[in-house]
Amino acid sequence: TKRSFTGEHAGMANMPRHVPKPIILDLREATHAELSVEYWGGHSGTSGQRFKVNGHGWVDLPQPTGTPTAPQRFYRTLLGNNAAPIPLAHLRDGENRVQFAAGPQIAYGFDWGFYWIYDFTVRVFYDPARPHPTGEIIVPRAGAAFGETLELEARASSPNSPVARGEFIGDYDDFDWDGDGVWREWQFTTHHGVLQHHLGTATSAPWRVTWDARWLPDQAQPVRVRARITDTEGITYVTSPVACAGPTRAGRSVLMFKSADVPENFGVRANKEKKCTIVVPGDLTHAKSARLVLSTWSASTDDDSVHELRLNGERLANRFGQFHNYSFDALDVLDARLKPGANEIAIFSTFKGHGLEVNWPGPVLLVEYESAPQ
């Protein structure tokens, strides 16, 4: 049968067929390799998201963890902090071709398995004997405490060529920026291969940055930091981690409360509404402020229709993300809208085009207190 599409669907249906993408690799002294992908999960229920290299066997793309049912039933945008191993036998020196594919919808089907690859990175790991940059974290020292900011500095050099950049990453509990369903991990995303949502990047010596930790949730475990040192030849060395205590705050505490019941297919359009719940235990007597943080896809529109986010029945934002793209938003919450116990987060839309989607693992509330609640 022949299908006809209009508007945005016609634009997607008429996209050029996918062709393999070439990438140049150097495999001298390689020990192993992996592929990390920035992708939007696409139409609900799309299965068979996979890739192959140089015509070898298909490899499944990583999916989010923690979903109560199949992850394909949830909206998701994974941004580069994920990796699937590539057998070295599938690779060759010089040009390699990477091909992606999609399968049918396993749920919410309308005969259109579909997703977007924003970009991908092939990481090749080498024998330590191959000349490479070196360095170490020199600030902070192991066991040092930090408060609202964290000063970071690394020593860096390379026998190959000048050092191009030092990127600092941290292992801590926070909002799940990369969309993999893991809350405590080495936190970062990539945007066309460039690190974001990390601690910071220095592009010249001294290799030093200041991390703003004011909205970092209180941590039950030490925060670990390390540096990625990259020279102008593109070789990267990752330093040993340093653990520090924090954040320690005078008269201030930040707690993170997660969504309790994120629904499958958490998206709305054409006068539909869907909800989830965030429970804030205890009273809010000493609460000073709060933020609702979430990851969305197409949370705006290309007309004046409503794409609305509500907290406890009141509008918190309208058309607050990007049209046909992912977005992260930290929305300030008025004290009067927040209540002890269950707080209802609802999305509503009048738009007849692409729906407002909330990505797994759902929104969180960051609540600032004068001191940690008892």
# chains A, B, ... in the order shown; residues from 1 in each chain; ligands from 1
>>> residues_around(residues="range 128-136 of chain A", least_positions_apart="5", cutoff="8 Å", atoms="only C-alpha atoms", output="list in words")
Glu29, Ala154, Arg155, Ala156, Ser157, Ser158, Pro159, Asn160, Val163, Arg226, Ala227, Ile229, Thr230, Asp231, Ile235, Thr236, Tyr237, Thr239 and Ser240 of chain A
>>> select_by_dssp(residues="range 5-226 of chain A", states="strand (DSSP E or B)", output="PyMOL selection string")
chain A and resi 21-25+30-40+46+50-53+59-60+77-79+84-86+94-101+105+116-126+134-139+145+149-157+163-173+184-187+189-191+194-196+200-202+207-212+223-226
>>> closest_atom_pairs(of="range 265-351 of chain A", to="range 39-42 of chain A", cutoff="10 Å", atoms="only C-alpha atoms", output="CSV")
residue,atom,partner,partner_atom,distance
A:Trp297,CA,A:Trp40,CA,8.2
A:Asn325,CA,A:Trp40,CA,8.6
A:Tyr326,CA,A:Trp40,CA,7.9
>>> write_last_selection(atoms="all heavy atoms", output="short mmCIF file (atom, residue, chain, number, x, y, z; two decimals), in the first residue's frame")
data_model
loop_
_atom_site.label_atom_id
_atom_site.label_comp_id
_atom_site.auth_asym_id
_atom_site.auth_seq_id
_atom_site.Cartn_x
_atom_site.Cartn_y
_atom_site.Cartn_z
N TRP A 297 12.40 16.26 24.08
CA TRP A 297 12.59 16.34 22.64
C TRP A 297 11.37 17.01 22.04
O TRP A 297 10.24 16.64 22.32
CB TRP A 297 12.79 14.95 22.02
CG TRP A 297 13.62 15.00 20.75
CD1 TRP A 297 14.96 14.95 20.65
CD2 TRP A 297 13.12 15.12 19.41
NE1 TRP A 297 15.36 15.04 19.33
CE2 TRP A 297 14.24 15.14 18.55
CE3 TRP A 297 11.84 15.22 18.86
CZ2 TRP A 297 14.13 15.25 17.16
CZ3 TRP A 297 11.72 15.33 17.48
CH2 TRP A 297 12.85 15.35 16.65
N ASN A 325 14.18 18.90 18.29
CA ASN A 325 15.54 18.70 18.82
C ASN A 325 15.43 18.45 20.33
O ASN A 325 14.40 18.73 20.94
CB ASN A 325 16.42 19.91 18.55
CG ASN A 325 17.89 19.57 18.50
OD1 ASN A 325 18.28 18.44 18.79
ND2 ASN A 325 18.73 20.54 18.17
N TYR A 326 16.52 17.95 20.89
CA TYR A 326 16.54 17.73 22.34
C TYR A 326 16.89 19.02 23.06
O TYR A 326 17.47 19.96 22.50
CB TYR A 326 17.50 16.61 22.73
CG TYR A 326 18.97 16.88 22.46
CD1 TYR A 326 19.75 17.58 23.38
CD2 TYR A 326 19.59 16.40 21.32
CE1 TYR A 326 21.10 17.81 23.16
CE2 TYR A 326 20.94 16.62 21.08
CZ TYR A 326 21.69 17.33 22.00
OH TYR A 326 23.02 17.55 21.77
#
>>> closest_residue(among="A:Trp116, A:Thr296, A:Gly181, A:Thr31", to="Leu91 in chain A", atoms="only C-alpha atoms")
A:Thr31
>>> closest_residue(among="A:Gly55, A:Gly251, A:Gly143, A:Gly66", to="Ala89 in chain A", atoms="only C-alpha atoms")
A:Gly55
>>> decode(residues="range 216-327 of chain A", atoms="C-alpha atoms", output="short mmCIF file (atom, residue, chain, number, x, y, z; two decimals), in the first residue's frame")
data_model
loop_
_atom_site.label_atom_id
_atom_site.label_comp_id
_atom_site.auth_asym_id
_atom_site.auth_seq_id
_atom_site.Cartn_x
_atom_site.Cartn_y
_atom_site.Cartn_z
CA LEU A 216 25.09 19.76 42.74
CA PRO A 217 22.97 17.51 45.01
CA ASP A 218 24.43 16.56 48.37
CA GLN A 219 26.55 13.43 47.90
CA ALA A 220 26.54 10.24 49.93
CA GLN A 221 29.95 9.24 48.51
CA PRO A 222 33.10 11.20 47.64
CA VAL A 223 33.23 13.04 44.30
CA ARG A 224 35.97 11.68 42.04
CA VAL A 225 37.63 13.79 39.35
CA ARG A 226 40.02 13.09 36.49
CA ALA A 227 41.36 14.87 33.41
CA ARG A 228 41.32 13.88 29.75
CA ILE A 229 44.49 15.27 28.15
CA THR A 230 44.47 15.48 24.34
CA ASP A 231 47.37 16.54 22.12
CA THR A 232 47.12 18.10 18.65
CA GLU A 233 47.55 14.66 17.05
CA GLY A 234 44.25 13.65 18.66
CA ILE A 235 45.67 11.15 21.16
CA THR A 236 43.94 11.31 24.57
CA TYR A 237 45.25 10.18 27.95
CA VAL A 238 42.93 9.88 30.97
CA THR A 239 44.52 10.56 34.36
CA SER A 240 44.05 8.49 37.48
CA PRO A 241 41.05 9.66 39.55
CA VAL A 242 41.31 11.80 42.67
CA ALA A 243 38.58 11.57 45.33
CA CYS A 244 37.53 14.64 47.27
CA ALA A 245 34.94 15.36 49.96
CA GLY A 246 32.00 17.54 49.18
CA PRO A 247 30.11 19.50 48.67
CA THR A 248 30.31 20.93 52.18
CA ARG A 249 28.07 23.98 52.49
CA ALA A 250 27.51 26.43 55.29
CA GLY A 251 23.80 26.84 55.97
CA ARG A 252 22.77 25.24 52.70
CA SER A 253 21.77 21.82 51.36
CA VAL A 254 20.57 20.63 47.93
CA LEU A 255 18.58 17.42 47.60
CA MET A 256 17.46 15.68 44.41
CA PHE A 257 14.07 13.95 44.16
CA LYS A 258 13.38 11.69 41.17
CA SER A 259 10.21 10.82 39.29
CA ALA A 260 8.45 7.86 40.83
CA ASP A 261 6.20 6.70 37.98
CA VAL A 262 7.40 7.85 34.55
CA PRO A 263 4.90 6.44 32.04
CA GLU A 264 5.74 4.69 28.81
CA ASN A 265 5.42 6.86 25.71
CA PHE A 266 5.58 10.01 27.88
CA GLY A 267 4.60 12.43 25.12
CA VAL A 268 1.52 14.49 24.24
CA ARG A 269 -0.05 16.28 21.28
CA ALA A 270 -3.52 17.25 20.03
CA ASN A 271 -5.12 18.12 23.43
CA LYS A 272 -3.69 15.18 25.37
CA GLU A 273 -2.23 15.20 28.91
CA LYS A 274 0.09 12.79 30.73
CA LYS A 275 1.51 12.84 34.26
CA CYS A 276 4.16 11.56 36.60
CA THR A 277 4.82 12.10 40.31
CA ILE A 278 7.77 13.36 42.34
CA VAL A 279 7.58 12.76 46.08
CA VAL A 280 9.29 15.31 48.36
CA PRO A 281 9.47 13.75 51.85
CA GLY A 282 9.30 15.80 55.04
CA ASP A 283 8.19 19.39 55.35
CA LEU A 284 9.40 22.36 53.34
CA THR A 285 9.79 24.77 56.24
CA HIS A 286 13.47 25.31 55.54
CA ALA A 287 13.25 25.14 51.73
CA LYS A 288 14.63 28.26 50.04
CA SER A 289 14.17 27.54 46.33
CA ALA A 290 13.68 24.70 43.87
CA ARG A 291 14.27 23.76 40.26
CA LEU A 292 12.57 21.25 38.00
CA VAL A 293 15.17 19.72 35.67
CA LEU A 294 14.28 17.57 32.68
CA SER A 295 15.36 16.36 29.25
CA THR A 296 12.89 16.73 26.37
CA TRP A 297 12.59 16.34 22.64
CA SER A 298 10.57 18.86 20.60
CA ALA A 299 9.27 20.71 23.65
CA SER A 300 8.55 23.75 21.46
CA THR A 301 6.38 24.24 18.36
CA ASP A 302 6.63 26.05 15.05
CA ASP A 303 3.42 27.99 15.67
CA ASP A 304 1.62 29.50 18.69
CA SER A 305 0.17 26.19 19.91
CA VAL A 306 0.57 25.11 23.53
CA HIS A 307 3.30 22.72 24.67
CA GLU A 308 2.79 23.09 28.41
CA LEU A 309 4.51 21.79 31.54
CA ARG A 310 2.50 21.93 34.77
CA LEU A 311 3.41 21.49 38.41
CA ASN A 312 0.51 20.63 40.71
CA GLY A 313 -2.00 21.91 38.18
CA GLU A 314 -0.34 25.27 37.46
CA ARG A 315 1.59 26.17 34.33
CA LEU A 316 5.34 26.18 34.90
CA ALA A 317 6.46 26.66 31.28
CA ASN A 318 5.17 26.74 27.71
CA ARG A 319 7.21 25.97 24.56
CA PHE A 320 10.33 25.83 26.70
CA GLY A 321 12.61 23.51 24.70
CA GLN A 322 13.52 23.22 21.03
CA PHE A 323 11.39 22.24 18.07
CA HIS A 324 12.50 18.91 16.58
CA ASN A 325 15.54 18.70 18.82
CA TYR A 326 16.54 17.73 22.34
CA SER A 327 16.79 20.23 25.15
#
